[in-house]
>>> print(open('my_file_11.csv').read())   # CSV, C-alpha atoms
chain,number,residue,atom,x,y,z
A,85,MET,CA,12.1,9.6,-18.5
A,86,PRO,CA,11.0,13.3,-18.6
A,87,PRO,CA,13.3,15.6,-20.6
A,88,LEU,CA,15.5,18.1,-18.7
A,89,ARG,CA,13.2,21.0,-19.6
A,90,SER,CA,10.3,19.4,-17.8
A,91,THR,CA,12.1,18.0,-14.7
A,92,ILE,CA,11.1,19.9,-11.6
A,93,TYR,CA,14.3,19.9,-9.7
A,94,ILE,CA,16.3,20.9,-12.8
A,95,LEU,CA,13.9,23.8,-13.6
A,96,ALA,CA,14.4,25.0,-10.0
A,97,LEU,CA,18.0,25.8,-10.9
A,98,SER,CA,17.1,28.1,-13.8
A,99,SER,CA,16.8,31.3,-11.6
A,100,ALA,CA,20.1,30.6,-9.9
A,101,ILE,CA,22.0,30.0,-13.1
A,102,ASN,CA,20.4,32.8,-15.1
A,103,ASN,CA,21.1,35.4,-12.3
A,104,GLN,CA,24.8,34.9,-13.0
A,105,LYS,CA,26.3,37.3,-15.5
A,106,PRO,CA,26.2,35.9,-19.0
A,107,ALA,CA,29.5,35.1,-20.7
A,108,VAL,CA,30.7,37.4,-23.5
A,109,GLY,CA,29.3,36.3,-26.8
A,110,ALA,CA,26.4,34.4,-25.3
A,111,SER,CA,23.1,35.0,-27.2
A,112,LYS,CA,20.9,33.2,-24.7
A,113,GLN,CA,20.4,33.1,-20.9
A,114,PRO,CA,23.0,30.7,-19.4
A,115,PHE,CA,20.4,28.1,-18.4
A,116,ASP,CA,18.7,28.0,-21.8
A,117,GLU,CA,22.1,28.0,-23.6
A,118,CYS,CA,23.3,25.1,-21.4
A,119,LEU,CA,20.2,23.0,-22.2
A,120,ALA,CA,20.4,23.8,-25.9
A,121,GLU,CA,24.1,22.7,-26.0
A,122,LEU,CA,23.3,19.5,-24.1
A,123,ASP,CA,20.5,18.8,-26.5
A,124,THR,CA,22.7,18.9,-29.5
A,125,LEU,CA,24.9,16.3,-27.9
A,126,GLY,CA,21.9,14.0,-27.3
A,127,ILE,CA,21.8,14.8,-23.5
A,128,ARG,CA,18.0,15.1,-23.0
A,129,THR,CA,17.4,13.5,-19.6
A,130,ASP,CA,19.0,13.6,-16.2
A,131,TYR,CA,20.2,10.0,-16.7
A,132,ASP,CA,22.0,11.1,-19.8
A,133,LEU,CA,23.6,14.0,-17.9
A,134,LEU,CA,24.8,11.7,-15.2
A,135,LEU,CA,26.2,9.0,-17.4
A,136,GLN,CA,28.0,11.1,-20.1
A,137,SER,CA,31.5,11.4,-18.7
A,138,ASP,CA,33.2,13.6,-21.4
A,139,LEU,CA,30.7,16.5,-21.4
A,140,LEU,CA,33.2,19.2,-20.5
A,141,GLU,CA,35.4,18.1,-23.5
A,142,GLN,CA,32.5,18.6,-25.9
A,143,THR,CA,31.0,21.8,-24.6
A,144,PRO,CA,32.3,25.5,-24.5
A,145,SER,CA,34.3,26.4,-21.4
A,146,ARG,CA,31.8,29.2,-20.6
A,147,LEU,CA,29.2,26.5,-19.8
A,148,HIS,CA,31.4,24.2,-17.7
A,149,LYS,CA,30.4,25.9,-14.4
A,150,HIS,CA,26.7,25.5,-15.2
A,151,ILE,CA,27.1,21.9,-16.4
A,152,ARG,CA,28.8,21.0,-13.1
A,153,THR,CA,25.9,22.6,-11.2
A,154,LEU,CA,23.4,20.5,-13.1
A,155,ARG,CA,25.4,17.3,-12.6
A,156,MET,CA,25.7,17.9,-8.9
A,157,ALA,CA,21.9,18.5,-8.7
A,158,VAL,CA,21.3,15.2,-10.5
A,159,LEU,CA,23.7,13.4,-8.1
A,160,GLU,CA,22.0,14.9,-5.0
A,161,HIS,CA,18.6,14.0,-6.5
A,162,PHE,CA,19.4,10.3,-7.0
A,163,ALA,CA,21.5,9.9,-3.9
A,164,SER,CA,19.6,8.3,-1.0
A,165,PRO,CA,19.8,10.3,2.2
A,166,GLY,CA,19.3,7.0,4.1
A,167,ARG,CA,17.4,6.3,7.3
A,168,THR,CA,18.6,5.1,10.6
A,169,ALA,CA,18.1,1.5,11.6
A,170,ALA,CA,15.9,2.7,14.5
A,171,ASP,CA,13.5,4.4,12.1
A,172,LEU,CA,13.3,1.3,9.9
A,173,LEU,CA,12.6,-0.9,12.9
A,174,SER,CA,9.9,1.4,14.2
A,175,THR,CA,8.3,1.3,10.7
A,176,ARG,CA,8.4,-2.5,10.7
A,177,ASP,CA,6.9,-2.7,14.2
A,178,SER,CA,4.0,-0.5,13.4
A,179,PRO,CA,0.9,-2.2,12.0
A,180,PRO,CA,1.1,-2.3,8.2
A,181,CYS,CA,-1.6,-0.6,6.1
A,182,ARG,CA,-3.2,-3.2,4.0
A,183,ILE,CA,-5.8,-2.7,1.3
A,184,LYS,CA,-8.6,-5.3,1.4
A,185,SER,CA,-10.7,-5.8,-1.7
A,186,GLY,CA,-13.6,-7.4,0.3
A,187,ILE,CA,-13.1,-10.6,-1.8
A,188,GLY,CA,-12.4,-12.8,1.3
A,189,PRO,CA,-10.5,-15.7,-0.3
A,190,LEU,CA,-8.3,-13.4,-2.4
A,191,ASP,CA,-7.5,-11.1,0.6
A,192,ALA,CA,-6.6,-14.2,2.7
A,193,LEU,CA,-4.3,-15.5,-0.1
A,194,LEU,CA,-2.5,-12.1,0.1
A,195,ASN,CA,-2.2,-12.4,3.9
A,196,GLY,CA,-4.8,-9.8,4.5
A,197,GLY,CA,-4.6,-7.7,1.3
A,198,ILE,CA,-2.1,-5.5,-0.6
A,199,MET,CA,0.4,-3.9,1.8
A,200,ALA,CA,1.8,-0.4,1.4
A,201,GLY,CA,5.3,-0.6,-0.2
A,202,GLN,CA,4.3,-3.7,-2.3
A,203,ILE,CA,4.0,-4.0,-6.1
A,204,VAL,CA,1.4,-6.7,-6.7
A,205,GLU,CA,0.9,-8.0,-10.3
A,206,PHE,CA,-2.3,-9.8,-11.4
A,207,CYS,CA,-1.7,-11.7,-14.6
A,208,GLY,CA,-3.7,-14.0,-16.8
A,209,LYS,CA,-4.0,-15.4,-20.3
A,210,ASP,CA,-7.6,-14.6,-21.1
A,211,ASN,CA,-9.2,-11.2,-21.5
A,212,ASN,CA,-8.4,-8.9,-18.6
A,213,SER,CA,-12.0,-8.1,-17.5
A,214,SER,CA,-11.7,-10.3,-14.3
A,215,ARG,CA,-8.4,-8.8,-13.4
A,216,SER,CA,-9.6,-5.2,-14.1
A,217,ARG,CA,-12.6,-5.9,-11.8
A,218,ILE,CA,-10.3,-7.1,-9.1
A,219,ALA,CA,-8.3,-3.9,-9.5
A,220,ILE,CA,-11.5,-1.8,-9.2
A,221,GLU,CA,-12.5,-3.7,-6.0
A,222,TYR,CA,-9.2,-2.9,-4.4
A,223,ALA,CA,-9.3,0.7,-5.5
A,224,ALA,CA,-12.9,1.2,-4.2
A,225,ALA,CA,-11.8,-0.5,-0.9
A,226,HIS,CA,-8.9,1.9,-0.4
A,227,LEU,CA,-11.3,4.9,-0.9
A,228,THR,CA,-13.9,3.6,1.5
A,229,ASP,CA,-12.0,1.7,4.2
A,230,ASN,CA,-12.8,3.3,7.6
A,231,CYS,CA,-9.2,3.1,8.8
A,232,THR,CA,-7.8,5.0,5.9
A,233,GLN,CA,-10.7,7.2,4.7
A,234,SER,CA,-9.3,10.8,4.6
A,235,GLN,CA,-8.3,13.5,2.3
A,236,ASN,CA,-4.8,12.0,2.3
A,237,THR,CA,-6.1,8.7,0.8
A,238,ARG,CA,-5.8,8.7,-2.9
A,239,VAL,CA,-6.2,6.2,-5.8
A,240,PHE,CA,-4.4,6.8,-9.1
A,241,MET,CA,-5.7,4.7,-12.0
A,242,LEU,CA,-3.3,4.7,-14.9
A,243,LEU,CA,-5.1,3.3,-17.9
A,244,SER,CA,-4.2,2.3,-21.4
A,245,SER,CA,-7.9,1.9,-22.1
A,246,PRO,CA,-11.0,3.8,-21.0
A,247,LEU,CA,-12.1,3.3,-17.4
A,248,SER,CA,-15.4,1.7,-16.7
A,249,LEU,CA,-16.6,4.4,-14.3
A,250,TRP,CA,-19.9,2.6,-13.9
A,251,GLN,CA,-18.1,-0.3,-12.3
A,252,VAL,CA,-16.4,2.0,-9.8
A,253,GLU,CA,-19.8,3.6,-9.1
A,254,GLN,CA,-21.3,0.1,-8.7
A,255,SER,CA,-18.6,-1.0,-6.2
A,256,LEU,CA,-18.8,2.2,-4.1
A,257,ASN,CA,-22.6,2.2,-4.0
A,258,ARG,CA,-22.6,-1.4,-2.8
A,259,ARG,CA,-20.1,-0.5,0.0
A,260,PHE,CA,-22.2,2.5,1.0
A,261,SER,CA,-25.6,0.8,0.7
A,262,GLU,CA,-26.1,0.6,4.5
A,263,TYR,CA,-26.0,4.4,5.0
A,264,PRO,CA,-28.9,6.9,4.6
A,265,LYS,CA,-29.3,8.3,1.1
A,266,ASP,CA,-27.9,11.8,1.8
A,267,GLU,CA,-24.9,10.5,3.7
A,268,ARG,CA,-24.3,7.9,1.0
A,269,MET,CA,-24.3,10.6,-1.7
A,270,GLN,CA,-21.8,12.7,0.3
A,271,MET,CA,-19.5,9.7,0.9
A,272,PHE,CA,-19.7,8.7,-2.8
A,273,ARG,CA,-18.7,12.2,-3.9
A,274,ARG,CA,-15.8,12.4,-1.5
A,275,ALA,CA,-14.5,9.0,-2.7
A,276,MET,CA,-14.7,10.0,-6.3
A,277,GLU,CA,-12.9,13.2,-5.6
A,278,ARG,CA,-9.9,11.2,-4.4
A,279,LEU,CA,-9.9,8.9,-7.5
A,280,ILE,CA,-7.5,10.4,-10.1
A,281,VAL,CA,-7.7,8.9,-13.5
A,282,ILE,CA,-4.5,9.2,-15.7
A,283,ASP,CA,-4.7,8.5,-19.4
A,284,CYS,CA,-1.6,6.6,-20.3
A,285,LYS,CA,-1.4,6.2,-24.0
A,286,ASP,CA,2.2,5.2,-24.2
A,287,LEU,CA,5.2,4.3,-22.0
A,288,GLU,CA,6.5,7.9,-22.0
A,289,SER,CA,3.3,9.3,-20.5
A,290,LEU,CA,3.5,6.5,-17.8
A,291,LEU,CA,7.1,7.4,-17.1
A,292,ALA,CA,6.3,11.1,-16.9
A,293,PHE,CA,3.7,10.5,-14.3
A,294,LEU,CA,5.8,8.1,-12.2
A,295,PHE,CA,8.8,10.5,-12.1
A,296,HIS,CA,6.5,13.5,-11.3
A,297,TYR,CA,4.8,11.4,-8.6
A,298,ALA,CA,8.1,10.4,-7.1
A,299,GLU,CA,9.2,14.0,-6.8
A,300,THR,CA,6.0,15.3,-5.3
A,301,GLN,CA,4.9,12.5,-3.1
A,302,THR,CA,4.5,13.6,0.6
A,303,SER,CA,5.0,11.7,3.8
A,304,ASP,CA,1.3,12.1,4.9
A,305,GLN,CA,-0.2,10.5,1.7
A,306,LYS,CA,-1.6,7.0,1.6
A,307,ASP,CA,-1.7,6.3,-2.1
A,308,PHE,CA,-2.6,3.4,-4.2
A,309,LEU,CA,-1.6,3.2,-7.8
A,310,VAL,CA,-3.4,0.9,-10.3
A,311,ILE,CA,-1.8,0.3,-13.8
A,312,ASP,CA,-4.3,-1.3,-16.1
A,313,SER,CA,-2.6,-2.6,-18.1
A,314,ILE,CA,1.1,-2.5,-18.5
A,315,LYS,CA,1.4,-4.9,-21.5
A,316,PRO,CA,0.0,-2.7,-24.3
A,317,LEU,CA,2.3,0.2,-23.3
A,318,VAL,CA,5.4,-1.9,-23.3
A,319,VAL,CA,4.6,-3.9,-26.4
A,320,ASN,CA,3.9,-0.7,-28.3
A,321,ALA,CA,7.2,0.7,-27.2
A,322,LEU,CA,9.1,-2.4,-28.2
A,323,GLN,CA,7.6,-2.2,-31.7
A,324,GLN,CA,8.3,1.5,-32.2
A,325,GLN,CA,11.8,1.9,-30.7
A,326,ASN,CA,15.0,0.0,-30.4
A,327,ASP,CA,15.9,1.2,-26.9
A,328,ALA,CA,12.5,0.3,-25.3
A,329,HIS,CA,14.3,-2.0,-22.8
A,330,VAL,CA,15.8,1.2,-21.3
A,331,ALA,CA,12.3,2.7,-20.8
A,332,VAL,CA,11.0,-0.6,-19.3
A,333,ASN,CA,13.9,-0.6,-16.9
A,334,ALA,CA,13.1,3.0,-16.0
A,335,VAL,CA,9.5,2.0,-15.2
A,336,GLN,CA,10.8,-0.7,-12.9
A,337,THR,CA,13.2,1.7,-11.2
A,338,ALA,CA,10.4,4.3,-10.7
A,339,LEU,CA,8.0,1.8,-9.3
A,340,ARG,CA,10.6,0.4,-6.9
A,341,ASP,CA,11.4,4.0,-5.8
A,342,ILE,CA,7.8,5.0,-4.9
A,343,THR,CA,7.3,1.7,-2.9
A,344,SER,CA,10.7,1.8,-1.2
A,345,ILE,CA,10.8,1.3,2.6
A,346,MET,CA,13.2,4.3,2.6
A,347,ARG,CA,10.2,6.5,2.0
A,348,GLU,CA,8.2,7.5,5.1
A,349,SER,CA,4.9,6.7,3.3
A,350,PRO,CA,5.5,4.3,0.4
A,351,ALA,CA,2.7,3.7,-2.1
A,352,ALA,CA,1.0,0.4,-2.9
A,353,VAL,CA,0.9,-0.5,-6.6
A,354,LEU,CA,-1.3,-3.0,-8.4
A,355,ILE,CA,-0.4,-3.9,-12.0
A,356,ILE,CA,-2.6,-5.8,-14.5
A,357,ASN,CA,-0.6,-7.9,-17.0
A,358,GLY,CA,-0.8,-10.8,-19.3
A,359,VAL,CA,1.1,-14.1,-19.5
A,360,SER,CA,2.4,-16.4,-22.2
A,361,GLN,CA,1.5,-20.0,-21.4
A,362,ARG,CA,3.1,-23.1,-22.8
A,363,THR,CA,2.7,-26.8,-22.2
A,364,SER,CA,5.4,-28.0,-19.9
A,365,ARG,CA,7.5,-31.1,-20.6
A,366,PHE,CA,5.6,-32.9,-17.9
A,367,ASP,CA,2.2,-32.2,-19.6
A,368,SER,CA,3.2,-32.5,-23.2
A,369,ASN,CA,0.4,-34.9,-23.9
A,370,LYS,CA,-2.3,-32.8,-22.2
A,371,PRO,CA,-4.7,-30.9,-24.5
A,372,ALA,CA,-4.1,-27.2,-24.5
A,373,GLY,CA,-7.6,-26.5,-23.3
A,374,ASP,CA,-6.9,-28.4,-20.1
A,375,LEU,CA,-4.1,-26.1,-19.0
A,376,HIS,CA,-6.6,-24.0,-17.1
A,377,LEU,CA,-7.7,-27.0,-15.1
A,378,ARG,CA,-4.4,-27.3,-13.3
A,379,PRO,CA,-2.0,-24.5,-14.3
A,380,ASP,CA,1.5,-25.4,-13.1
A,381,LEU,CA,4.4,-23.1,-12.5
A,382,HIS,CA,6.3,-24.5,-15.4
A,383,SER,CA,3.6,-23.6,-18.0
A,384,VAL,CA,3.2,-19.9,-17.0
A,385,GLN,CA,5.8,-17.3,-18.2
A,386,PRO,CA,5.7,-13.5,-17.9
A,387,SER,CA,4.3,-12.0,-21.1
A,388,LEU,CA,6.9,-9.2,-21.0
A,389,GLY,CA,9.9,-11.5,-20.4
A,390,ALA,CA,11.8,-12.7,-17.3
A,391,VAL,CA,13.4,-9.2,-16.7
A,392,TRP,CA,10.0,-7.6,-16.1
A,393,ALA,CA,9.1,-10.4,-13.7
A,394,MET,CA,11.6,-8.8,-11.3
A,395,ALA,CA,9.5,-5.6,-11.1
A,396,SER,CA,6.8,-7.0,-8.8
A,397,HIS,CA,7.0,-8.2,-5.2
A,398,VAL,CA,4.0,-10.4,-5.6
A,399,HIS,CA,2.8,-12.2,-8.7
A,400,VAL,CA,-0.7,-13.7,-8.8
A,401,TYR,CA,-2.0,-15.7,-11.7
A,402,VAL,CA,-5.8,-15.3,-12.3
A,403,TYR,CA,-7.8,-17.8,-14.4
A,404,PRO,CA,-11.4,-19.1,-14.6
A,405,GLU,CA,-12.3,-22.3,-12.7
A,406,LEU,CA,-13.0,-25.0,-15.2
A,407,LEU,CA,-14.2,-28.5,-14.7
A,408,PRO,CA,-13.8,-31.4,-17.1
A,409,GLY,CA,-16.5,-31.7,-19.6
A,410,ASP,CA,-19.0,-34.6,-19.6
A,411,ASN,CA,-17.6,-37.4,-21.7
A,412,ASP,CA,-20.2,-39.5,-23.5
A,413,ASP,CA,-20.6,-41.4,-26.7
A,414,ASP,CA,-21.7,-38.4,-28.7
A,415,ASN,CA,-19.2,-35.9,-27.2
A,416,PHE,CA,-16.1,-37.7,-26.1
A,417,ASN,CA,-13.7,-34.7,-26.4
A,418,SER,CA,-16.0,-32.1,-24.8
A,419,SER,CA,-14.5,-28.8,-23.7
A,420,PRO,CA,-14.0,-28.0,-20.0
A,421,ARG,CA,-17.0,-26.4,-18.3
A,422,ASP,CA,-16.7,-22.9,-16.8
A,423,THR,CA,-18.1,-22.8,-13.3
A,424,GLY,CA,-18.4,-18.9,-13.3
A,425,ASN,CA,-15.9,-18.7,-10.4
A,426,THR,CA,-12.4,-17.2,-10.6
A,427,MET,CA,-9.2,-18.8,-9.3
A,428,ALA,CA,-6.0,-17.2,-8.2
A,429,LYS,CA,-2.6,-18.8,-7.7
A,430,ILE,CA,0.6,-17.4,-6.1
A,431,LEU,CA,3.5,-17.4,-8.5
A,432,LYS,CA,5.8,-15.2,-6.5
A,433,SER,CA,5.5,-13.8,-3.0
A,434,PRO,CA,7.9,-13.1,0.0
A,435,ASN,CA,5.1,-13.9,2.5
A,436,ALA,CA,3.0,-16.7,0.9
A,437,ALA,CA,3.6,-20.3,-0.2
A,438,ILE,CA,4.3,-20.5,-4.0
A,439,GLY,CA,1.5,-22.4,-5.7
A,440,GLN,CA,-1.1,-21.6,-3.0
A,441,THR,CA,-4.6,-21.1,-4.6
A,442,CYS,CA,-8.0,-19.7,-3.8
A,443,THR,CA,-11.4,-19.7,-5.5
A,444,PHE,CA,-13.9,-16.9,-5.4
A,445,ASN,CA,-16.8,-15.2,-7.1
A,446,GLN,CA,-15.7,-11.5,-7.7
A,447,LEU,CA,-19.1,-10.0,-6.8
A,448,HIS,CA,-19.8,-12.1,-3.7
A,449,GLY,CA,-16.3,-13.1,-2.4
>>> encode(input="my_file_11.csv", output="structure tokens")
Amino acid sequence: MPPLRSTIYILALSSAINNQKPAVGASKQPFDECLAELDTLGIRTDYDLLLQSDLLEQTPSRLHKHIRTLRMAVLEHFASPGRTAADLLSTRDSPPCRIKSGIGPLDALLNGGIMAGQIVEFCGKDNNSSRSRIAIEYAAAHLTDNCTQSQNTRVFMLLSSPLSLWQVEQSLNRRFSEYPKDERMQMFRRAMERLIVIDCKDLESLLAFLFHYAETQTSDQKDFLVIDSIKPLVVNALQQQNDAHVAVNAVQTALRDITSIMRESPAAVLIINGVSQRTSRFDSNKPAGDLHLRPDLHSVQPSLGAVWAMASHVHVYVYPELLPGDNDDDNFNSSPRDTGNTMAKILKSPNAAIGQTCTFNQLHG
């Protein structure tokens, strides 16, 4: 969570507080003195300010008025203004904005694509190149779709590793290939101008972006956020600090906030993650290499634990299509054969049957 000194709505109070006459004996402006005093007590974020109940007993009386002002600002910030049932019904009745990747079987598996207001998580056990390519296809589709192409359509790619820009270029050029060269170049430039790449090296930088985005998001934006990938950020945090679970919960809270139906224009979010896979009690005699042949729901577990699994609305397991190897006298225990295709399986979804699968080639659908 961002510190108080970098929280936009807290900083907006500085002028109002500092314009008040400083108390006798104060060496700093009231706002700065207040934040400094809170910092000595370990109150460094708005959550800390809200949850600490005995602040007035531990701070000088000259600051009580300012502390009350800050706490009321936090309460107003986190309190939901609510929306009428009529507004929510009209939102539900309007055609949902869905992002289609162009990978036909995968879009069909997701009932037409990724819907605004949804957090969709693609997970898998192997290297994440296939999942990252899926994310790039959805991002490119959002930038080029005729029904959403405008200056208000943006894609944010939050990356824990360098972005393969040539893959984005490849996908966009393929989508614009039918247009004349000059027009294709203009469309490509406009699309790339709406692609914002965020370098997320740790969980704090991800949180800082999410909270800033939540505060500045406007009702006319049609945004798509891609987090590739969440696992390294969380694992690093778990290794470095004891209270990383608090930060993980804050990420979930922020993601749910920016995709909430209470917002007039909720974002769509795609997350790349890993899984831990174990042999279920029903398949205890099956070789580990055969798990990809028929992955069952008992063998796939969220790599970041069951709590993180609650963050996403839709959970899709991505894995290579493998066929049994040829068994002969010389190679009885041959390894499964990779067909070059990719498979996806629904692990969690409010709109699709759990366990439903599809097969596709990422470049050709």
>>> residues_around(input="my_file_11.csv", residues="Ala120 in chain A", least_positions_apart="5", cutoff="12 Å", atoms="only C-alpha atoms", output="PyMOL selection string")
chain A and resi 88-89+111-115+125-128+143+147+151
>>> residues_around(input="my_file_11.csv", residues="Thr302 in chain A", least_positions_apart="3", cutoff="12 Å", atoms="all atoms listed in the file", output="tab-separated table (two decimals) with C-alpha atoms, in the frame of the given file")
chain	number	residue	atom	x	y	z
A	236	ASN	CA	-4.80	12.00	2.30
A	237	THR	CA	-6.10	8.70	0.80
A	238	ARG	CA	-5.80	8.70	-2.90
A	297	TYR	CA	4.80	11.40	-8.60
A	298	ALA	CA	8.10	10.40	-7.10
A	299	GLU	CA	9.20	14.00	-6.80
A	305	GLN	CA	-0.20	10.50	1.70
A	306	LYS	CA	-1.60	7.00	1.60
A	307	ASP	CA	-1.70	6.30	-2.10
A	342	ILE	CA	7.80	5.00	-4.90
A	347	ARG	CA	10.20	6.50	2.00
A	348	GLU	CA	8.20	7.50	5.10
A	349	SER	CA	4.90	6.70	3.30
A	350	PRO	CA	5.50	4.30	0.40
A	351	ALA	CA	2.70	3.70	-2.10
>>> closest_residue(input="my_file_11.csv", among="A:Asp138, A:Glu405, A:Asp312, A:Asp286", to="Ala331 in chain A", atoms="all atoms listed in the file")
A:Asp286
>>> atom_distance(input="my_file_11.csv", atom1="CA of Ser185 in chain A", atom2="CA of Ala225 in chain A")
5.5 Å
>>> atom_distance(input="my_file_11.csv", atom1="CA of Ile183 in chain A", atom2="CA of Ser433 in chain A")
16.4 Å
>>> atom_distance(input="my_file_11.csv", atom1="CA of Ser303 in chain A", atom2="CA of Ser99 in chain A")
27.6 Å
>>> residues_near_point(input="my_file_11.csv", point="(22.3, 8.2, -14.4)", cutoff="10 Å", atoms="all atoms listed in the file", output="short mmCIF file (atom, residue, chain, number, x, y, z; two decimals) with C-alpha atoms, in the frame of the given file")
data_model
loop_
_atom_site.label_atom_id
_atom_site.label_comp_id
_atom_site.auth_asym_id
_atom_site.auth_seq_id
_atom_site.Cartn_x
_atom_site.Cartn_y
_atom_site.Cartn_z
CA THR A 129 17.40 13.50 -19.60
CA ASP A 130 19.00 13.60 -16.20
CA TYR A 131 20.20 10.00 -16.70
CA ASP A 132 22.00 11.10 -19.80
CA LEU A 133 23.60 14.00 -17.90
CA LEU A 134 24.80 11.70 -15.20
CA LEU A 135 26.20 9.00 -17.40
CA GLN A 136 28.00 11.10 -20.10
CA ARG A 155 25.40 17.30 -12.60
CA VAL A 158 21.30 15.20 -10.50
CA LEU A 159 23.70 13.40 -8.10
CA PHE A 162 19.40 10.30 -7.00
#
>>> residues_near_point(input="my_file_11.csv", point="(-7.8, 0.1, -1.9)", cutoff="8 Å", atoms="only C-alpha atoms", output="list in words")
Ile183, Lys184, Ser185, Glu221, Tyr222, Ala223, Ala224, Ala225, His226, Leu227, Thr228, Asp229, Val239 and Phe308 of chain A
>>> closest_residue(input="my_file_11.csv", among="A:Leu97, A:Met271, A:Ala352, A:Ile220", to="Gln254 in chain A", atoms="only C-alpha atoms")
A:Ile220
>>> closest_residue(input="my_file_11.csv", among="A:Leu279, A:Leu317, A:Ala100, A:Leu190", to="Tyr401 in chain A", atoms="all atoms listed in the file")
A:Leu190
>>> closest_residue(input="my_file_11.csv", among="A:Gly208, A:Val332, A:Ile356, A:Asp283", to="Lys429 in chain A", atoms="all atoms listed in the file")
A:Gly208
>>> closest_residue(input="my_file_11.csv", among="A:Leu406, A:Val400, A:Ala219, A:Ala395", to="Leu194 in chain A", atoms="all atoms listed in the file")
A:Val400
>>> residues_around(input="my_file_11.csv", residues="Leu291 in chain A", least_positions_apart="3", cutoff="9 Å", atoms="all atoms listed in the file", output="list of chain:residue names")
A:Met85, A:Pro86, A:Asp286, A:Leu287, A:Glu288, A:Leu294, A:Phe295, A:His296, A:Ala331, A:Ala334, A:Val335, A:Ala338
>>> residues_around(input="my_file_11.csv", residues="Ser214 in chain A", least_positions_apart="6", cutoff="10 Å", atoms="all atoms listed in the file", output="short mmCIF file (atom, residue, chain, number, x, y, z; two decimals) with C-alpha atoms, in the coordinates of the input")
data_model
loop_
_atom_site.label_atom_id
_atom_site.label_comp_id
_atom_site.auth_asym_id
_atom_site.auth_seq_id
_atom_site.Cartn_x
_atom_site.Cartn_y
_atom_site.Cartn_z
CA PHE A 206 -2.30 -9.80 -11.40
CA GLY A 208 -3.70 -14.00 -16.80
CA ILE A 220 -11.50 -1.80 -9.20
CA VAL A 402 -5.80 -15.30 -12.30
CA TYR A 403 -7.80 -17.80 -14.40
CA PRO A 404 -11.40 -19.10 -14.60
CA THR A 426 -12.40 -17.20 -10.60
CA GLN A 446 -15.70 -11.50 -7.70
#
>>> residues_around(input="my_file_11.csv", residues="Thr441 in chain A", least_positions_apart="5", cutoff="7 Å", atoms="all atoms listed in the file", output="PyMOL selection string")
chain A and resi 427-430
